[in-house]
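S.K.: Here's a structure for you.
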Amino acid sequence: MTIFLQSLLSGVLIGGVYALIGVGLTIIFGVMRIINFAHGELVMLGMYAAYFLFTLGHVDPFVSIVFVFPLLFLFGAVLQKTVINRVLNALPQNQILLTIGIGLILSNTMMLLFTSDYRIISTSYSSASFQVGQISVSAPLLVSFVITAAVTAVLYWFLLKTDTGQAIRATAQDRDAAQLMGVNVRRMSVLATGLGAGLAAVAGALISPTYYIFPQVGQPFTLKAFVIVVLGGMGSVMGATVGGVLIGATESLAGAYISSGLKDLVVYVLFLLILLFKPAGLFGKSRV
Amino acid sequence: MKRLFPLLVAALLVAPSSTLAQIKIGVINSMTGPQAPIGENLSNGIKLAEEDLAAKGIKVQLIWEDDTGKPQVGLSAMDKLATRDNVAGVVGAYTSAVTNAVAKKAEQYKVPLVNPVASKEEITRQGYKYVFRVSATTGDYAAILLDLATTLGKPKSIAILSENTDFGVSGAKSARAYAEKKGIKVVFEEAYSPGSPDYRSTLVKVKGASPDLMFMVSYVADAITLMRQSRELQLTPMAFLGAGAGFSTAEFASEKNISHGVFSSTQWTPDVSWPGSKAFGERYQKRFGKVPTYHAANAYTAMLILGETAAKAGGDREKITAGLRAGSWDGLFGPVKFEDFDGYTNQNKHQMLVEQVQDGKYFTVWPPALASAKPLWPFPGWK
């Protein structure tokens, strides 16, 4: 029982961070119908930003998100305006090539600038924990989960209650109709990419105290985010949130009860099963 | 062209004396990709060897190939080196997976391959004539640690945790075999996929098995993640044993609150009493601004041996192979000789060492004859 609860807890906590990455990807996809294959690299940039803020500016990684989010928001927005915007109406394969290319350029640029050395953020709490009954709760993971929850709450409020948020959702639902209703869809695309990049970077900053940082660290996150988004339903923010937590918990439980070497297998089998019975994903609406 | 022809012929005739000074040697290494941080140690070690060869009047032309940590990339690098560049010999690769693939090719092309650090046992157990290994094997990694553990204490059980790569699986297999031979019960064994941010579910199971020893085989940064999460879960065996790689890097040692008291088997340390070790460590640090890992010394030695032998043999592949088989060397890596024993071919019997992190610094603690500090036993507890 301890093993079950322990694994479930750490799985859900780390799933929160996965969810944040997935939400960023799903917003970008929702608004522009482009799958951002450079998403993991944005996570990586967030990690590096947190690293340098920590080592040079002595900013705590959890506090650093206050700087990391706007920084990467800006980066995402500029990226959209200068590069991604040009392929909005291009063939899907061109869009894929473009975002993969951006990802490669980002990771290789970081490698040129900072070498492929592993960077490690050592905080006083990097391996701290406290006991709740038989279960030990990782302090940094818990804090990052709380922040993730807060960020997600703010995001929901923004998307549901503000005019800009509603405009973003309108664009995601039907780009042409939104444009006819007077929504500035170009601006929404820029905003959405900025938002997606910012969220990915926040996720990166949040896991940086317990993980390690190197230029290629992003690639597995791209794949994970993609699975989360498809699982939850492409473009569904709710779906990505649930999907992230689900994947985190599944990984962890599979690691505990089957084998940690096979946990990816379990995740993908689950993924296939859900797609088999609910092709549009958990919260997706099938489009014709 | 016609006028040039006699000149060319003349040049070719003169060539033998000058080829002695210009020998092409290929290097296959993980220069980019996830293994790059350790790959860098190999590259730097090879660069220092190149300088020392030049100082002895042996000019080698190195042809660098990056395998990015992938066997298929390593294979095409070997194709290129053997056929297009026509190298006299090759030093490489870093990881066991790549090296195992490359070794097969080297044998096909009859190109002498001197392998610096890959330790999967099978690499030199396939009767290859052209494959030489300076490095110790994964069996040695486990054996030296368990020798230390059984001498210092009376451990009854062991948990084995390894990554699911060639190096990891091979290391775990040898550890199990050796532990059983020593009468230590294996109470937990699992291979994990590397690079995950969360190993807690696995470590909880280890805690449930409450082993006396915890043996881990991990590359670079997973070692830090594993130890951090072991601390979170308050895992306290008699000793944490790491099989080199991720457990013998400067980054790992500098994480004092998780590295203190951890043992790691290693092939070389800057403070070991082999001739020239200390000087090599200082020279490396001065030149590259980092403390070298054992990989640097392994690669340095491999390159030096191949360079010298190739120069003596005038770049002829068959003569180099014969030279490698016949020769013996001694230097900062201890005595090196390629021998056939226990099913191995052209394998160096290397004396493994155990180092322990004590307050953020590595000390050689085993075997006693080569040690620079006393081992801390048992695990002093989390700081």
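Quick note on naming: the chains in the structure tokens go A, B, ... in the order shown, residues restart at 1 in each chain, and ligands are numbered from 1 in order of appearance.
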Could you list, with a cut-off of 9 Å and counting only C-alpha atoms, the residues of chain A near chain B, each shown with its nearest atom pair and the distance in Å rounded to one decimal, rows sorted by chain and ascending number, as a Markdown table?

M.R.:
```
| residue | atom | partner | partner_atom | distance |
| --- | --- | --- | --- | --- |
| A:Thr2 | CA | B:Val204 | CA | 8.6 |
| A:Ile3 | CA | B:Val204 | CA | 6.3 |
| A:Phe4 | CA | B:Ser201 | CA | 8.5 |
| A:Gln6 | CA | B:Ser201 | CA | 7.0 |
| A:Ser7 | CA | B:Ser201 | CA | 4.9 |
| A:Leu8 | CA | B:Ser201 | CA | 8.5 |
| A:Ser10 | CA | B:Arg200 | CA | 7.1 |
| A:Gly11 | CA | B:Asp198 | CA | 8.0 |
| A:Ile14 | CA | B:Asp198 | CA | 7.6 |
| A:Met111 | CA | B:Thr32 | CA | 8.6 |
| A:Thr115 | CA | B:Pro37 | CA | 8.5 |
| A:Ser116 | CA | B:Pro37 | CA | 6.0 |
| A:Asp117 | CA | B:Pro37 | CA | 5.1 |
| A:Tyr118 | CA | B:Pro37 | CA | 6.8 |
| A:Arg119 | CA | B:Glu251 | CA | 8.4 |
| A:Ile120 | CA | B:Glu251 | CA | 7.9 |
| A:Ser122 | CA | B:Glu255 | CA | 7.2 |
| A:Ser126 | CA | B:Arg228 | CA | 7.2 |
| A:Ser127 | CA | B:Arg228 | CA | 4.9 |
| A:Ala128 | CA | B:Glu232 | CA | 5.6 |
| A:Ser129 | CA | B:Glu232 | CA | 5.1 |
| A:Phe130 | CA | B:Glu232 | CA | 7.9 |
| A:Gln131 | CA | B:Leu233 | CA | 8.9 |
| A:Ile135 | CA | B:Leu233 | CA | 8.4 |
| A:Ser136 | CA | B:Leu233 | CA | 5.9 |
| A:Val137 | CA | B:Glu232 | CA | 7.7 |
| A:Ser138 | CA | B:Glu232 | CA | 6.2 |
| A:Ala139 | CA | B:Glu232 | CA | 8.6 |
| A:Ile207 | CA | B:Pro197 | CA | 8.3 |
| A:Thr210 | CA | B:Thr225 | CA | 7.1 |
| A:Tyr211 | CA | B:Pro197 | CA | 5.9 |
| A:Tyr212 | CA | B:Ala221 | CA | 6.7 |
| A:Phe214 | CA | B:Pro34 | CA | 8.1 |
| A:Pro215 | CA | B:Pro34 | CA | 8.7 |
| A:Gln216 | CA | B:Pro34 | CA | 6.8 |
| A:Val217 | CA | B:Pro34 | CA | 8.2 |
| A:Pro220 | CA | B:Gly195 | CA | 8.8 |
| A:Ser252 | CA | B:Ser201 | CA | 5.8 |
| A:Leu253 | CA | B:Ser201 | CA | 7.1 |
| A:Ala254 | CA | B:Ser201 | CA | 8.6 |
| A:Gly255 | CA | B:Ser201 | CA | 5.9 |
| A:Ala256 | CA | B:Ser201 | CA | 4.9 |
| A:Tyr257 | CA | B:Ser201 | CA | 8.6 |
| A:Ser259 | CA | B:Glu190 | CA | 6.9 |
| A:Ser260 | CA | B:Tyr192 | CA | 4.7 |
| A:Gly261 | CA | B:Tyr192 | CA | 4.0 |
| A:Leu262 | CA | B:Ser193 | CA | 7.6 |
| A:Lys263 | CA | B:Ser193 | CA | 8.3 |
| A:Asp264 | CA | B:Ser193 | CA | 8.6 |
```

S.K.: Can you list, as a PyMOL selection string, every protein, DNA or RNA residue that comes within 10 Å of A:Thr241 when you count only C-alpha atoms, leaving out same-chain residues fewer than 4 positions away?

M.R.: chain A and resi 15-23+26+149+152+228-229+232+236-237+245-246

S.K.: Would you work out the distance separating atom CA of B:Lys47 from atom CA of A:Leu112, expressed in Å to one decimal?

M.R.: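 The value is 19.9 Å.
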
S.K.: For stretch 331-346 of chain B, find every residue with an atom within 8 Å (counting only C-alpha atoms), except residues of its own chain fewer than 2 positions away, and show them as a VMD selection string.

M.R.: chain B and resid 124 to 129 131 to 134 268 274 to 277 280 297 to 298 301 324 to 329 348 to 351

S.K.: List the spatial neighbours of B:Leu241 as a ChimeraX atom specification - criterion: any atom at most 7 Å away, only C-alpha atoms, same-chain residues fewer than 6 positions off excluded.

M.R.: /B:145,214-216,262-264

S.K.: For the residues in that selection, give me N, CA and C atoms as a PDB file, in the first residue's frame.

M.R.:
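File written: result_13.pdb
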```pdb
ATOM      1  N   LEU B 145      34.345  -3.519  -6.140  1.00  0.00           N
ATOM      2  CA  LEU B 145      33.468  -2.921  -5.124  1.00  0.00           C
ATOM      3  C   LEU B 145      33.028  -3.951  -4.090  1.00  0.00           C
ATOM      4  N   MET B 214      23.781  -1.124  -1.974  1.00  0.00           N
ATOM      5  CA  MET B 214      23.039  -0.703  -3.151  1.00  0.00           C
ATOM      6  C   MET B 214      24.049  -0.442  -4.259  1.00  0.00           C
ATOM      7  N   PHE B 215      23.907  -1.205  -5.333  1.00  0.00           N
ATOM      8  CA  PHE B 215      24.848  -1.132  -6.445  1.00  0.00           C
ATOM      9  C   PHE B 215      24.150  -0.492  -7.640  1.00  0.00           C
ATOM     10  N   MET B 216      24.753   0.554  -8.201  1.00  0.00           N
ATOM     11  CA  MET B 216      24.105   1.255  -9.304  1.00  0.00           C
ATOM     12  C   MET B 216      25.033   1.415 -10.500  1.00  0.00           C
ATOM     13  N   VAL B 262      29.786   7.980  -0.825  1.00  0.00           N
ATOM     14  CA  VAL B 262      29.462   7.072  -1.923  1.00  0.00           C
ATOM     15  C   VAL B 262      30.751   6.508  -2.536  1.00  0.00           C
ATOM     16  N   PHE B 263      30.761   5.187  -2.727  1.00  0.00           N
ATOM     17  CA  PHE B 263      31.913   4.539  -3.363  1.00  0.00           C
ATOM     18  C   PHE B 263      31.677   4.430  -4.859  1.00  0.00           C
ATOM     19  N   SER B 264      32.752   4.515  -5.614  1.00  0.00           N
ATOM     20  CA  SER B 264      32.616   4.287  -7.037  1.00  0.00           C
ATOM     21  C   SER B 264      33.841   3.542  -7.538  1.00  0.00           C
TER      22      SER B 264
END
```

S.K.: Residues within 6 Å of stretch 56-73 of chain A, please, as a PDB file with C-alpha atoms, in the first residue's frame. Count only C-alpha atoms; anything in the same chain fewer than 6 positions from it doesn't count.

M.R.:
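around_34.pdb, written as the output of this step:
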```pdb
ATOM      1  CA  ALA A  50      16.494  29.459 -14.523  1.00  0.00           C
ATOM      2  CA  GLY A 194       4.068  33.458 -26.554  1.00  0.00           C
ATOM      3  CA  LEU A 195       1.824  31.857 -23.981  1.00  0.00           C
ATOM      4  CA  ALA A 197       6.496  29.165 -24.953  1.00  0.00           C
ATOM      5  CA  GLY A 198       6.132  30.885 -21.595  1.00  0.00           C
ATOM      6  CA  VAL A 202       7.936  27.806 -16.570  1.00  0.00           C
TER       7      VAL A 202
END
```

S.K.: Between A:Pro140, A:Gly284, A:Ile274, A:Tyr48, which has the minimum distance to A:Thr123 (counting only C-alpha atoms)?

M.R.: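 Answer, going by the shortest atom-to-atom distance: A:Pro140.
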
S.K.: For B:Ala142, please output as JSON, numbers by chain all residues within 10 Å (counting only C-alpha atoms; exclusion window: fewer than 3 positions along the same chain).

M.R.: {"B": [137, 138, 139, 145, 146, 147, 171, 172, 173, 174, 175, 176, 177, 178, 179, 215, 216, 217, 241, 242, 243, 244, 264, 265, 352]}

S.K.: Just list as a PyMOL selection string whatever in stretch 60-125 of chain B DSSP marks as helix (DSSP H, G or I).

M.R.: chain B and resi 71-84+96-109+121-124

S.K.: Quick check for you: according to DSSP on this backbone, which residues of stretch 94-149 of chain A are classed as strand (DSSP E)? Reply as number ranges by chain.

M.R.: A: 129-132, 135-138

S.K.: Could you tell me which of A:Val146, A:Leu9, A:Ala38, A:Leu91 comes closest to A:Ile105 if we count only C-alpha atoms?

M.R.: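 Selected residue with least distance to A:Ile105: A:Ala38.
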